[in-house]
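Engineer: The file below is my_file_20.txt, compact mmCIF, C-alpha atoms:
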# COMPACT_ATOMS: atom_id res chain seq x y z
CA MET A 1 -34.34 17.94 -46.10
CA ASP A 2 -33.35 21.18 -44.39
CA SER A 3 -36.02 22.22 -41.87
CA LYS A 4 -35.48 25.81 -42.93
CA PHE A 5 -37.47 25.06 -46.07
CA PRO A 6 -40.34 22.82 -44.93
CA PHE A 7 -42.45 23.72 -47.93
CA LEU A 8 -39.88 22.02 -50.22
CA SER A 9 -40.61 18.56 -48.78
CA PRO A 10 -41.79 15.95 -51.33
CA ILE A 11 -45.46 15.90 -52.22
CA PRO A 12 -47.09 13.01 -50.36
CA ASP A 13 -48.69 10.17 -52.31
CA PHE A 14 -52.45 10.08 -51.89
CA PRO A 15 -54.49 6.94 -52.27
CA ASP A 16 -56.29 6.57 -55.59
CA ASP A 17 -59.36 4.88 -54.16
CA ASP A 18 -60.68 8.09 -52.61
CA ASP A 19 -60.71 10.93 -55.16
CA THR A 20 -62.51 13.37 -52.87
CA GLY A 21 -60.08 12.90 -50.03
CA SER A 22 -57.17 13.16 -52.42
CA SER A 23 -58.40 16.51 -53.76
CA ASP A 24 -58.97 17.91 -50.28
CA SER A 25 -55.53 16.81 -49.13
CA SER A 26 -53.92 18.35 -52.22
CA LEU A 27 -55.73 21.63 -51.60
CA VAL A 28 -54.58 21.73 -47.97
CA PHE A 29 -51.03 20.94 -49.01
CA PHE A 30 -50.84 23.76 -51.56
CA GLN A 31 -52.43 26.22 -49.12
CA ASN A 32 -49.72 25.35 -46.60
CA LEU A 33 -47.15 25.72 -49.36
CA ILE A 34 -48.31 29.27 -50.12
CA GLN A 35 -48.38 30.21 -46.43
CA GLN A 36 -44.83 28.93 -45.93
CA ALA A 37 -43.67 30.89 -48.98
CA GLU A 38 -45.25 34.06 -47.60
CA LEU A 39 -43.59 33.55 -44.22
CA LEU A 40 -40.24 32.96 -45.86
CA ASP A 41 -40.68 36.03 -48.09
CA THR A 42 -41.62 38.35 -45.23
CA ALA A 43 -39.39 36.96 -42.49
CA SER A 44 -36.27 35.54 -44.11
CA SER A 45 -35.68 37.74 -47.16
CA SER A 46 -33.48 40.74 -46.49
CA LYS A 47 -33.64 42.11 -50.05
CA LYS A 48 -37.38 42.49 -50.58
CA LYS A 49 -40.08 42.51 -47.94
CA TYR A 50 -43.77 42.14 -48.59
CA VAL A 51 -45.79 45.13 -47.33
CA ARG A 52 -49.34 44.28 -46.37
CA ARG A 53 -51.36 47.17 -47.81
CA ASP A 54 -55.00 47.62 -46.91
CA ARG A 55 -56.48 47.77 -50.42
CA VAL A 56 -60.05 47.51 -49.18
CA GLY A 57 -59.48 50.26 -46.65
CA GLY A 58 -57.96 52.47 -49.34
CA HIS A 59 -61.02 52.00 -51.52
CA GLU A 60 -63.38 52.76 -48.64
CA THR A 61 -61.46 55.95 -47.82
CA LEU A 62 -61.63 57.05 -51.47
CA MET A 63 -65.37 56.36 -51.57
CA ALA A 64 -65.99 58.26 -48.34
CA ASP A 65 -64.01 61.25 -49.54
CA TYR A 66 -65.51 61.69 -53.01
CA PHE A 67 -68.02 59.08 -54.19
CA ASP A 68 -70.43 58.21 -51.37
CA GLU A 69 -73.93 59.66 -51.23
CA ASN A 70 -72.70 62.33 -48.81
CA PRO A 71 -68.98 62.63 -49.57
CA LYS A 72 -66.50 64.42 -47.38
CA PHE A 73 -65.35 66.80 -50.14
CA SER A 74 -67.54 68.90 -52.41
CA GLU A 75 -67.84 68.84 -56.20
CA ASP A 76 -65.65 71.94 -56.48
CA THR A 77 -62.90 70.28 -54.46
CA PHE A 78 -63.14 67.19 -56.64
CA ARG A 79 -62.79 69.26 -59.80
CA HIS A 80 -59.80 71.12 -58.37
CA ARG A 81 -57.98 67.90 -57.48
CA PHE A 82 -59.02 65.72 -60.42
CA ARG A 83 -59.11 68.53 -63.05
CA MET A 84 -62.56 67.45 -64.27
CA SER A 85 -66.15 66.99 -63.16
CA LYS A 86 -67.12 63.91 -61.19
CA SER A 87 -69.51 62.73 -63.91
CA LEU A 88 -66.76 62.83 -66.55
CA PHE A 89 -64.36 61.00 -64.24
CA LEU A 90 -66.88 58.22 -63.59
CA LYS A 91 -67.53 57.92 -67.33
CA ILE A 92 -63.81 57.49 -67.97
CA VAL A 93 -63.59 54.85 -65.22
CA SER A 94 -66.49 52.93 -66.76
CA ASP A 95 -65.08 53.15 -70.29
CA VAL A 96 -61.52 52.06 -69.48
CA GLN A 97 -62.85 49.25 -67.30
CA ALA A 98 -64.93 47.95 -70.20
CA TYR A 99 -62.11 48.44 -72.73
CA ASP A 100 -59.19 46.85 -70.86
CA GLU A 101 -59.54 43.96 -68.43
CA TRP A 102 -56.46 45.20 -66.51
CA PHE A 103 -58.71 47.82 -64.90
CA GLN A 104 -61.31 45.27 -63.86
CA GLU A 105 -61.41 44.12 -60.27
CA GLY A 106 -60.15 40.60 -59.64
CA LEU A 107 -57.86 38.45 -57.51
CA ASP A 108 -54.08 38.55 -57.47
CA GLY A 109 -51.69 35.59 -57.19
CA ARG A 110 -52.26 35.43 -53.43
CA MET A 111 -56.04 35.16 -53.93
CA LYS A 112 -56.53 38.63 -52.51
CA LYS A 113 -58.73 41.30 -54.05
CA SER A 114 -56.91 43.59 -56.42
CA PHE A 115 -57.24 47.36 -56.50
CA THR A 116 -60.59 48.64 -57.73
CA PRO A 117 -61.00 50.55 -61.02
CA LEU A 118 -61.58 53.73 -59.00
CA GLN A 119 -58.24 53.34 -57.24
CA LYS A 120 -56.34 52.62 -60.45
CA VAL A 121 -57.79 55.53 -62.42
CA THR A 122 -57.42 57.86 -59.43
CA SER A 123 -53.74 56.99 -59.20
CA ALA A 124 -53.20 57.72 -62.91
CA ILE A 125 -55.14 61.00 -62.87
CA LYS A 126 -53.30 62.18 -59.75
CA GLN A 127 -49.93 61.54 -61.38
CA LEU A 128 -50.98 63.41 -64.53
CA ALA A 129 -52.46 66.31 -62.58
CA THR A 130 -49.62 66.85 -60.12
CA GLY A 131 -46.58 65.37 -61.82
CA ASN A 132 -45.53 63.89 -58.47
CA PRO A 133 -43.63 60.57 -58.20
CA PRO A 134 -45.64 57.32 -58.34
CA ASP A 135 -45.01 56.49 -54.68
CA GLU A 136 -47.17 59.44 -53.63
CA GLY A 137 -50.24 57.18 -53.59
CA ASP A 138 -48.74 54.73 -51.12
CA GLU A 139 -50.21 56.38 -48.03
CA TYR A 140 -53.61 57.45 -49.38
CA LEU A 141 -54.45 54.71 -51.90
CA ASN A 142 -52.29 52.03 -50.20
CA MET A 143 -50.69 51.41 -53.60
CA SER A 144 -47.04 50.58 -54.20
CA GLU A 145 -44.80 52.62 -56.49
CA ARG A 146 -44.65 49.86 -59.09
CA THR A 147 -48.43 49.46 -59.23
CA SER A 148 -48.90 53.23 -59.49
CA ARG A 149 -46.47 53.35 -62.39
CA GLU A 150 -48.35 50.54 -64.11
CA CYS A 151 -51.63 52.40 -63.55
CA LEU A 152 -50.26 55.42 -65.40
CA GLU A 153 -48.87 53.39 -68.30
CA TYR A 154 -52.01 51.28 -68.81
CA PHE A 155 -54.28 54.30 -68.37
CA CYS A 156 -52.45 56.36 -71.00
CA GLU A 157 -52.41 53.47 -73.43
CA THR A 158 -56.12 52.77 -72.94
CA VAL A 159 -57.21 56.41 -73.17
CA CYS A 160 -55.31 56.91 -76.43
CA LYS A 161 -56.88 53.80 -77.97
CA ARG A 162 -60.39 54.40 -76.61
CA TYR A 163 -60.77 58.15 -77.16
CA GLY A 164 -58.05 59.16 -79.64
CA GLY A 165 -60.25 58.67 -82.70
CA GLU A 166 -62.74 61.27 -81.47
CA PHE A 167 -60.82 63.70 -79.29
CA LEU A 168 -57.63 63.89 -81.36
CA ARG A 169 -59.36 63.72 -84.72
CA ARG A 170 -58.57 65.73 -87.80
CA PRO A 171 -61.30 68.27 -88.54
CA THR A 172 -64.11 66.87 -90.66
CA SER A 173 -66.13 68.96 -93.11
CA HIS A 174 -68.69 69.55 -90.35
CA ASP A 175 -65.96 70.65 -87.93
CA ILE A 176 -64.35 72.96 -90.50
CA ALA A 177 -67.64 74.72 -91.23
CA LEU A 178 -68.11 75.41 -87.51
CA LEU A 179 -64.49 76.56 -87.15
CA TYR A 180 -64.87 78.96 -90.07
CA GLN A 181 -67.97 80.49 -88.52
CA ALA A 182 -66.61 80.69 -84.97
CA HIS A 183 -63.33 82.30 -85.97
CA GLU A 184 -65.03 84.79 -88.26
CA ASP A 185 -67.40 85.79 -85.46
CA ARG A 186 -64.69 85.99 -82.80
CA HIS A 187 -61.56 87.05 -84.69
CA HIS A 188 -63.12 88.50 -87.88
CA LEU A 189 -60.88 86.22 -89.96
CA PRO A 190 -62.82 84.14 -92.54
CA GLY A 191 -61.31 80.76 -93.37
CA MET A 192 -59.25 80.46 -90.20
CA LEU A 193 -58.80 76.88 -88.96
CA GLY A 194 -56.68 77.63 -85.90
CA SER A 195 -53.25 78.70 -84.69
CA LEU A 196 -50.11 76.60 -85.14
CA ASP A 197 -47.08 76.58 -82.85
CA CYS A 198 -44.63 74.34 -80.97
CA THR A 199 -43.71 73.91 -77.31
CA HIS A 200 -41.09 71.96 -75.35
CA PHE A 201 -41.29 69.43 -72.49
CA VAL A 202 -38.22 68.85 -70.31
CA TRP A 203 -36.96 65.25 -70.48
CA ARG A 204 -35.22 64.59 -67.19
CA MET A 205 -34.39 60.92 -67.81
CA CYS A 206 -32.98 61.39 -71.31
CA PRO A 207 -30.26 58.77 -71.92
CA THR A 208 -26.75 60.15 -72.02
CA GLU A 209 -26.19 59.05 -75.61
CA LEU A 210 -29.24 61.07 -76.76
CA ARG A 211 -28.67 64.30 -74.84
CA GLY A 212 -26.86 66.01 -77.69
CA GLN A 213 -29.80 65.30 -79.99
CA TYR A 214 -32.44 66.59 -77.58
CA MET A 215 -30.68 69.75 -76.37
CA ARG A 216 -30.22 73.18 -77.88
CA GLY A 217 -28.71 76.45 -76.73
CA ASP A 218 -31.83 78.19 -75.41
CA HIS A 219 -32.81 75.24 -73.16
CA GLN A 220 -30.76 74.06 -70.20
CA TYR A 221 -31.98 70.45 -70.30
CA PRO A 222 -33.00 67.93 -72.99
CA THR A 223 -36.51 68.53 -74.31
CA VAL A 224 -39.13 66.82 -76.47
CA MET A 225 -41.19 69.00 -78.81
CA LEU A 226 -44.93 69.15 -79.46
CA GLU A 227 -46.47 70.73 -82.56
CA ALA A 228 -50.14 71.60 -82.07
CA VAL A 229 -53.05 73.47 -83.63
CA ALA A 230 -55.59 75.11 -81.31
CA SER A 231 -58.86 76.84 -82.11
CA GLN A 232 -60.52 79.73 -80.28
CA ASP A 233 -62.11 77.39 -77.71
CA LEU A 234 -58.59 75.97 -76.99
CA TRP A 235 -59.49 72.60 -78.53
CA ILE A 236 -56.41 70.82 -79.87
CA TRP A 237 -57.07 69.80 -83.50
CA HIS A 238 -53.62 68.52 -84.36
CA ALA A 239 -50.78 67.14 -82.24
CA PHE A 240 -47.40 65.81 -83.25
CA CYS A 241 -45.18 64.89 -80.30
CA GLY A 242 -41.72 63.35 -80.29
CA PRO A 243 -39.27 65.45 -82.36
CA ALA A 244 -35.96 66.12 -80.66
CA GLY A 245 -35.68 69.40 -78.80
CA SER A 246 -32.65 70.50 -80.82
CA GLN A 247 -34.89 71.18 -83.84
CA ASN A 248 -36.79 74.33 -84.70
CA ASP A 249 -40.41 74.72 -85.79
CA ILE A 250 -39.59 74.38 -89.50
CA ASN A 251 -37.76 71.06 -88.98
CA VAL A 252 -40.73 69.75 -87.02
CA LEU A 253 -43.14 70.88 -89.75
CA GLN A 254 -41.20 68.89 -92.35
CA GLN A 255 -41.77 65.71 -90.30
CA SER A 256 -45.34 66.51 -89.27
CA PRO A 257 -48.42 64.72 -90.67
CA LEU A 258 -50.36 68.02 -90.57
CA PHE A 259 -50.90 68.12 -94.35
CA LEU A 260 -50.82 64.38 -95.02
CA ALA A 261 -54.56 64.26 -95.75
CA GLN A 262 -54.22 67.04 -98.33
CA ARG A 263 -51.40 65.26 -100.10
CA ASN A 264 -53.12 61.87 -100.31
CA GLY A 265 -56.47 63.34 -101.35
CA THR A 266 -58.49 62.41 -98.24
CA ALA A 267 -58.92 65.94 -96.82
CA PRO A 268 -62.46 67.39 -96.94
CA ASN A 269 -63.17 69.98 -99.62
CA CYS A 270 -64.02 73.15 -97.68
CA PRO A 271 -63.43 76.37 -99.66
CA PHE A 272 -64.09 79.84 -98.25
CA GLN A 273 -64.45 83.36 -99.59
CA VAL A 274 -62.87 86.62 -98.45
CA ASN A 275 -62.81 89.99 -100.19
CA ASN A 276 -64.75 88.45 -103.12
CA HIS A 277 -62.00 85.89 -103.76
CA LEU A 278 -62.48 82.13 -103.38
CA TYR A 279 -59.81 79.99 -101.69
CA LYS A 280 -59.59 76.22 -101.80
CA ARG A 281 -58.30 75.51 -98.27
CA GLY A 282 -58.43 77.06 -94.83
CA TYR A 283 -55.33 78.49 -93.20
CA TYR A 284 -53.45 78.56 -89.89
CA LEU A 285 -52.08 81.60 -88.08
CA THR A 286 -48.34 81.28 -87.46
CA ASP A 287 -45.38 83.34 -86.31
CA GLY A 288 -42.61 84.62 -88.53
CA ILE A 289 -40.44 81.49 -88.57
CA TYR A 290 -42.87 79.48 -90.70
CA PRO A 291 -42.56 79.50 -94.51
CA THR A 292 -44.74 81.61 -96.82
CA TRP A 293 -47.14 78.82 -97.78
CA SER A 294 -50.69 79.27 -98.98
CA VAL A 295 -52.04 77.65 -95.79
CA PHE A 296 -50.10 79.92 -93.41
CA VAL A 297 -50.91 83.53 -92.55
CA LYS A 298 -48.23 85.55 -90.78
CA SER A 299 -48.23 89.05 -89.36
CA PHE A 300 -46.40 92.08 -90.72
CA PRO A 301 -43.07 92.63 -88.93
CA TYR A 302 -43.11 96.33 -89.87
CA PRO A 303 -46.62 97.48 -90.86
CA HIS A 304 -46.94 100.77 -92.72
CA ASP A 305 -50.52 101.80 -93.44
CA PRO A 306 -53.38 101.74 -90.87
CA ASN A 307 -54.97 98.61 -92.35
CA GLU A 308 -51.75 96.65 -91.96
CA LYS A 309 -51.47 97.82 -88.36
CA LYS A 310 -55.04 96.72 -87.68
CA PHE A 311 -54.29 93.34 -89.21
CA LYS A 312 -51.14 92.97 -87.11
CA ARG A 313 -53.10 93.65 -83.92
CA GLN A 314 -55.84 91.20 -84.82
CA HIS A 315 -53.42 88.52 -85.97
CA GLU A 316 -51.37 88.70 -82.78
CA ALA A 317 -54.50 88.60 -80.63
CA ALA A 318 -55.96 85.60 -82.48
CA ARG A 319 -52.68 83.68 -82.54
CA LYS A 320 -52.64 83.71 -78.74
CA ASP A 321 -55.21 80.90 -78.85
CA VAL A 322 -52.47 78.28 -79.16
CA GLU A 323 -50.32 80.00 -76.53
CA ARG A 324 -53.27 80.00 -74.15
CA ALA A 325 -53.88 76.33 -74.90
CA PHE A 326 -50.27 75.47 -74.03
CA GLY A 327 -50.58 77.49 -70.82
CA VAL A 328 -53.78 75.72 -69.79
CA LEU A 329 -52.30 72.31 -70.56
CA LYS A 330 -49.16 72.85 -68.51
CA SER A 331 -50.99 74.42 -65.58
CA LYS A 332 -53.74 71.79 -65.46
CA TRP A 333 -51.56 68.73 -66.05
CA GLY A 334 -48.51 69.17 -63.86
CA ILE A 335 -46.71 66.22 -65.41
CA LEU A 336 -46.20 68.35 -68.56
CA ASN A 337 -44.75 71.26 -66.60
CA ARG A 338 -42.23 69.17 -64.67
CA PRO A 339 -39.25 67.18 -65.93
CA MET A 340 -40.41 63.94 -67.56
CA ARG A 341 -39.28 60.82 -65.70
CA SER A 342 -40.07 58.39 -68.53
CA LYS A 343 -37.04 56.79 -70.16
CA THR A 344 -38.39 56.51 -73.72
CA VAL A 345 -39.92 58.95 -76.18
CA LYS A 346 -42.75 56.47 -76.75
CA LYS A 347 -43.91 56.74 -73.13
CA ILE A 348 -43.58 60.54 -73.18
CA ARG A 349 -45.68 60.66 -76.34
CA SER A 350 -48.34 58.48 -74.71
CA ILE A 351 -48.50 60.79 -71.67
CA VAL A 352 -48.71 63.95 -73.78
CA TYR A 353 -51.46 62.59 -76.03
CA THR A 354 -53.42 61.43 -72.98
CA CYS A 355 -53.28 64.94 -71.49
CA LEU A 356 -54.43 66.41 -74.82
CA ILE A 357 -57.34 63.98 -75.04
CA LEU A 358 -58.44 64.71 -71.46
CA HIS A 359 -58.06 68.44 -72.18
CA ASN A 360 -60.47 68.18 -75.13
CA MET A 361 -62.86 65.96 -73.17
CA ILE A 362 -63.07 68.58 -70.42
CA ILE A 363 -63.78 71.33 -72.97
CA LYS A 364 -66.64 69.26 -74.39
CA ASP A 365 -67.95 68.34 -70.93
CA ASP A 366 -67.99 72.03 -69.94
CA GLY A 367 -70.01 72.95 -73.05
CA ARG A 368 -67.30 75.21 -74.52
CA ALA A 369 -66.47 73.18 -77.63
CA ILE A 370 -67.03 74.75 -81.05
CA ALA A 371 -67.67 71.31 -82.58
CA PRO A 372 -68.80 69.02 -79.74
CA VAL A 373 -70.33 66.34 -81.99
CA HIS A 374 -68.12 64.09 -84.07
CA ILE A 375 -69.79 63.68 -87.47
CA GLN A 376 -67.57 61.58 -89.71
CA ASP A 377 -67.09 62.20 -93.41
CA PRO A 378 -67.75 59.39 -95.92
CA PRO A 379 -64.63 57.24 -96.39
CA VAL A 380 -62.38 58.26 -99.28
CA GLU A 381 -59.72 56.11 -100.91
CA PRO A 382 -56.26 57.70 -100.70
CA VAL A 383 -55.04 58.93 -104.07
CA PHE A 384 -51.70 60.67 -104.35
CA ASP A 385 -52.12 64.15 -105.84
CA ASP A 386 -48.84 65.52 -107.15
CA THR A 387 -50.33 69.01 -107.47
CA ALA A 388 -51.44 69.24 -103.83
CA TYR A 389 -47.97 69.97 -102.48
CA THR A 390 -47.41 72.65 -105.12
CA GLU A 391 -50.66 74.30 -104.07
CA LEU A 392 -49.77 74.11 -100.38
CA ILE A 393 -46.43 75.91 -100.79
CA ASP A 394 -47.64 78.47 -103.35
CA GLU A 395 -46.29 81.88 -102.27
CA ASP A 396 -48.53 83.84 -104.66
CA THR A 397 -51.62 82.48 -102.91
CA HIS A 398 -50.05 83.32 -99.55
CA TRP A 399 -49.57 87.00 -100.41
CA ARG A 400 -52.94 87.29 -102.15
CA LEU A 401 -54.74 85.79 -99.14
CA LYS A 402 -52.88 88.06 -96.76
CA HIS A 403 -53.81 91.13 -98.84
CA ASP A 404 -57.48 90.09 -98.93
CA LEU A 405 -57.56 89.61 -95.17
CA VAL A 406 -56.02 93.05 -94.65
CA GLU A 407 -58.64 94.61 -96.91
CA HIS A 408 -61.41 92.67 -95.19
CA LEU A 409 -60.39 93.84 -91.72
CA GLY A 410 -59.94 97.39 -92.98
CA SER A 411 -63.53 97.45 -94.22
CA LEU A 412 -64.94 96.49 -90.79
CA ASP A 413 -65.80 98.94 -88.04
CA LEU A 414 -63.64 97.60 -85.21
CA PRO A 415 -62.82 100.39 -82.73
CA HIS A 416 -60.56 98.17 -80.63
CA LEU A 417 -58.24 97.81 -83.62
CA GLU A 418 -57.99 101.49 -84.45
CA VAL A 419 -54.44 102.81 -84.40
CA ASP A 420 -53.66 105.43 -81.74
CA SER A 421 -52.10 108.68 -82.78
CA ASP A 422 -48.97 107.79 -80.78
CA GLU A 423 -48.43 104.76 -83.03
CA GLU A 424 -48.71 106.67 -86.30
Using C-alpha cells, write down the structure from this file.
Structural biologist:
Amino acid sequence: MDSKFPFLSPIPDFPDDDDTGSSDSSLVFFQNLIQQAELLDTASSSKKKYVRRDRVGGHETLMADYFDENPKFSEDTFRHRFRMSKSLFLKIVSDVQAYDEWFQEGLDGRMKKSFTPLQKVTSAIKQLATGNPPDEGDEYLNMSERTSRECLEYFCETVCKRYGGEFLRRPTSHDIALLYQAHEDRHHLPGMLGSLDCTHFVWRMCPTELRGQYMRGDHQYPTVMLEAVASQDLWIWHAFCGPAGSQNDINVLQQSPLFLAQRNGTAPNCPFQVNNHLYKRGYYLTDGIYPTWSVFVKSFPYPHDPNEKKFKRQHEAARKDVERAFGVLKSKWGILNRPMRSKTVKKIRSIVYTCLILHNMIIKDDGRAIAPVHIQDPPVEPVFDDTAYTELIDEDTHWRLKHDLVEHLGSLDLPHLEVDSDEE
C-alpha cells in the first residue's frame, strides 16, 4: 500500500472475546482516519483547501457587539444596520430556529460546532439589507461564501412559510373595515382599499436564452416585475412577483391573483356608501394605463370644473402611497435595489416576498399598522360565480363611482385642495 495514503490501509481484525477493547480500538482507528483525511485535504489538495474559521470567536464578537448585557453598539445603531428593532430580530431568530432545524445549533461532519442561529440569521439579514455578495460575512462572521448563500436561501424559505399567512394575507372583513375608515380619514375617499402599481427589479444573472423575454425598451437590463397594493401606512396587502419585465401593467394584471377571491366567491362581503349610493366592493387607486373596471379609480387626465381638479389633486396625492412603499422597500432592503444575482425566478420571488414580509413586520412592530391584528374570517367553500367577473369589469359602475367620489370631495371643506386662480 502506498505510504502516501496511510488511512487507506486495511481495517485490522479485532478479537471477538473482548467487545470493549474492540470498540475502543475501532473508535481510535476511525479518529485517526478522519485526522489523516483532514491532513490530506489541507496539505495535499491543490484544488480546494480547508479554511479553519473561528466560528465560536465569530459568535462571541457578534454577542459583544450587539447582544450582551452592555453591547458595544447602541439600539439605534442596531436598527440602522439590521433595519429593525432588536426585539423583533430576536423574535425572528427564535421563530425560525423552532420552525426549521437547519437553524438549530449542532455538530458538523467533523464533530465541530456549527454556526449559531444568531450568526445564520445575521448573515441573511445583512445580505438582504445591503445587497452585498455572500462572501462579505467571511471576515466578521467567519462564514464561507457557500454557507452565507445557504443562510439566505433557507432564511427566505422559512420566513415565507412561517409568516406569509399573516403578513402577506389578503384583507379580511376586519382589515377592510379598518382600511375604509383610515383612508376616509386620511384621504377623504370612502371605500378605498389601497393603491395598485408595478415596479421592476434588475435581474443580473438572467440566462441568455431568457433575456429577450425579460427585457423591454425602457430598461437597459432584464427585469422581473412586482405588482403590489399598498395602504396609507405603506403595508403591502397584495404582492405578485415573477412576470417577465417585457410586459406592461395590464399584462401583469391579467395573470395576477388579485381578484381570484372575488371570482371564486371567497372574498368578504364589505359594501360601502358614498354620495348616498351603495357599492358592493372596495376599489383601488390606479394610474391611467389600467382598464376602466368597477374596482379601479383613475384620475382625470384633463379636468375641467373645480371639483374634478380637486379630485385629481387628491387622487394623485393618495396614489403616492404605493410609490412611497416601493421607495421604502428599495432603500431599506438593498438587495432589491441592486442587480439580482439569483439564477432562477423562483429564488428571486422568495427574496422579494421575504423583504415584503419583513417590511410589514417592521410596520407592525413600530405601531404604525392600520390593522395590526390578524382576525380571520370563517372559512368559505369556493363556489365559482360567473357574474363576479362581469361585475368587476363593469364600466358603468366605474364612471358612476368616479362621479360620486368627485361630488363627495366637492362637498367637503378642504382648503389644501382648492384650485389657485393661476390654474383656472
Engineer: Enumerate, as a PyMOL selection string, the protein, DNA and RNA residues whose atoms approach (-53.8, 66.3, -100.6) to within 12 Å, taking into account all atoms listed in the file and the coordinate frame of the file.
Structural biologist: chain A and resi 257-269+280-281+380-392
Engineer: Just the number, please: distance in Å from atom CA of Glu150 of chain A to atom CA of Arg204 of chain A, one decimal.
Structural biologist: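 Separation of atom CA of Glu150 of chain A and atom CA of Arg204 of chain A: 19.5 Å.
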Engineer: What's the separation between atom CA of Asn132 of chain A and atom CA of Asp249 of chain A, in Å to one decimal place?
Structural biologist: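 Straight-line distance from atom CA of Asn132 of chain A to atom CA of Asp249 of chain A works out to 29.8 Å.
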Engineer: Excluding Thr292 of chain A and its own-chain neighbours fewer than 3 positions away, which residues fall within 7 Å of it when counting all atoms listed in the file? Please give them as an MDAnalysis selection string.
Structural biologist: chainID A and resid 296 395 398
Engineer: What is the atom CA of Ala318 of chain A-atom CA of Arg79 of chain A distance in Å, reported with one decimal?
Structural biologist: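 These atoms are spaced 28.8 Å apart.
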Engineer: Go through A:Asn337, A:Ser246, A:Asn70, A:Thr354 and flag the residue nearest His219 of chain A, using all atoms listed in the file for the distances.
Structural biologist: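 Comparing A:Asn337, A:Ser246, A:Asn70, A:Thr354 against His219 of chain A, the winner is A:Ser246.
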Engineer: I need the residue nearest Lys309 of chain A from this list: A:His416, A:Lys330, A:His80, A:Arg211. Use only C-alpha atoms for the distance.
Structural biologist: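 Closest candidate: A:His416.
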Engineer: Against segment 154-159 of chain A, which residues of segment 59-118 of chain A fall within 10 Å? For each one I want the closest pair of atoms and the distance in Å (one decimal), counting all atoms listed in the file, rows by chain and increasing residue number, as a tab-separated table.
Structural biologist:
residue	atom	partner	partner_atom	distance
A:Ile92	CA	A:Val159	CA	8.5
A:Val93	CA	A:Phe155	CA	9.8
A:Asp95	CA	A:Val159	CA	9.0
A:Val96	CA	A:Thr158	CA	6.5
A:Gln97	CA	A:Thr158	CA	9.5
A:Tyr99	CA	A:Thr158	CA	7.4
A:Asp100	CA	A:Thr158	CA	7.0
A:Trp102	CA	A:Tyr154	CA	7.9
A:Phe103	CA	A:Tyr154	CA	8.5
Engineer: Could you save the residues just selected, with C-alpha atoms, as an mmCIF file, in the coordinates of the input?
Structural biologist:
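Writing done, so here's again34.cif:
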data_model
loop_
_atom_site.group_PDB
_atom_site.id
_atom_site.type_symbol
_atom_site.label_atom_id
_atom_site.label_comp_id
_atom_site.auth_asym_id
_atom_site.auth_seq_id
_atom_site.Cartn_x
_atom_site.Cartn_y
_atom_site.Cartn_z
ATOM 1 C CA ILE A 92 -63.810 57.490 -67.970
ATOM 2 C CA VAL A 93 -63.590 54.850 -65.220
ATOM 3 C CA ASP A 95 -65.080 53.150 -70.290
ATOM 4 C CA VAL A 96 -61.520 52.060 -69.480
ATOM 5 C CA GLN A 97 -62.850 49.250 -67.300
ATOM 6 C CA TYR A 99 -62.110 48.440 -72.730
ATOM 7 C CA ASP A 100 -59.190 46.850 -70.860
ATOM 8 C CA TRP A 102 -56.460 45.200 -66.510
ATOM 9 C CA PHE A 103 -58.710 47.820 -64.900
#
Engineer: Return the single residue from A:Pro207, A:Pro117, A:Pro372, A:Pro291 that is closest to Trp399 of chain A, with distances computed using only C-alpha atoms.
Structural biologist: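 Residue with the minimum atom-to-atom distance to Trp399 of chain A: A:Pro291.
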Engineer: Calculated over all atoms listed in the file, which of the candidates A:Arg53, A:His403, A:Arg313, A:His238 has the smallest distance to Asp138 of chain A?
Structural biologist: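 Checking each of A:Arg53, A:His403, A:Arg313, A:His238 against Asp138 of chain A, counting all atoms listed in the file, the winner is A:Arg53.
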Engineer: Missing atoms in segment 314-324 of chain A: fill them in up to N, CA and C atoms and send the result as a tab-separated table (two decimals), in the frame of the given file.
Structural biologist:
chain	number	residue	atom	x	y	z
A	314	GLN	N	-54.88	92.30	-84.85
A	314	GLN	CA	-55.84	91.20	-84.82
A	314	GLN	C	-55.15	89.85	-84.95
A	315	HIS	N	-54.16	89.76	-85.79
A	315	HIS	CA	-53.42	88.52	-85.97
A	315	HIS	C	-52.74	88.09	-84.67
A	316	GLU	N	-52.07	89.03	-84.01
A	316	GLU	CA	-51.37	88.70	-82.78
A	316	GLU	C	-52.33	88.32	-81.67
A	317	ALA	N	-53.51	88.95	-81.65
A	317	ALA	CA	-54.50	88.60	-80.63
A	317	ALA	C	-55.08	87.21	-80.89
A	318	ALA	N	-55.37	86.90	-82.16
A	318	ALA	CA	-55.96	85.60	-82.48
A	318	ALA	C	-54.95	84.47	-82.32
A	319	ARG	N	-53.69	84.73	-82.63
A	319	ARG	CA	-52.68	83.68	-82.54
A	319	ARG	C	-52.39	83.28	-81.10
A	320	LYS	N	-52.84	84.07	-80.14
A	320	LYS	CA	-52.64	83.71	-78.74
A	320	LYS	C	-53.49	82.52	-78.33
A	321	ASP	N	-54.40	82.07	-79.19
A	321	ASP	CA	-55.21	80.90	-78.85
A	321	ASP	C	-54.32	79.70	-78.54
A	322	VAL	N	-53.33	79.44	-79.38
A	322	VAL	CA	-52.47	78.28	-79.16
A	322	VAL	C	-51.56	78.50	-77.96
A	323	GLU	N	-51.13	79.73	-77.71
A	323	GLU	CA	-50.32	80.00	-76.53
A	323	GLU	C	-51.14	79.80	-75.26
A	324	ARG	N	-52.39	80.22	-75.30
A	324	ARG	CA	-53.27	80.00	-74.15
A	324	ARG	C	-53.51	78.51	-73.93
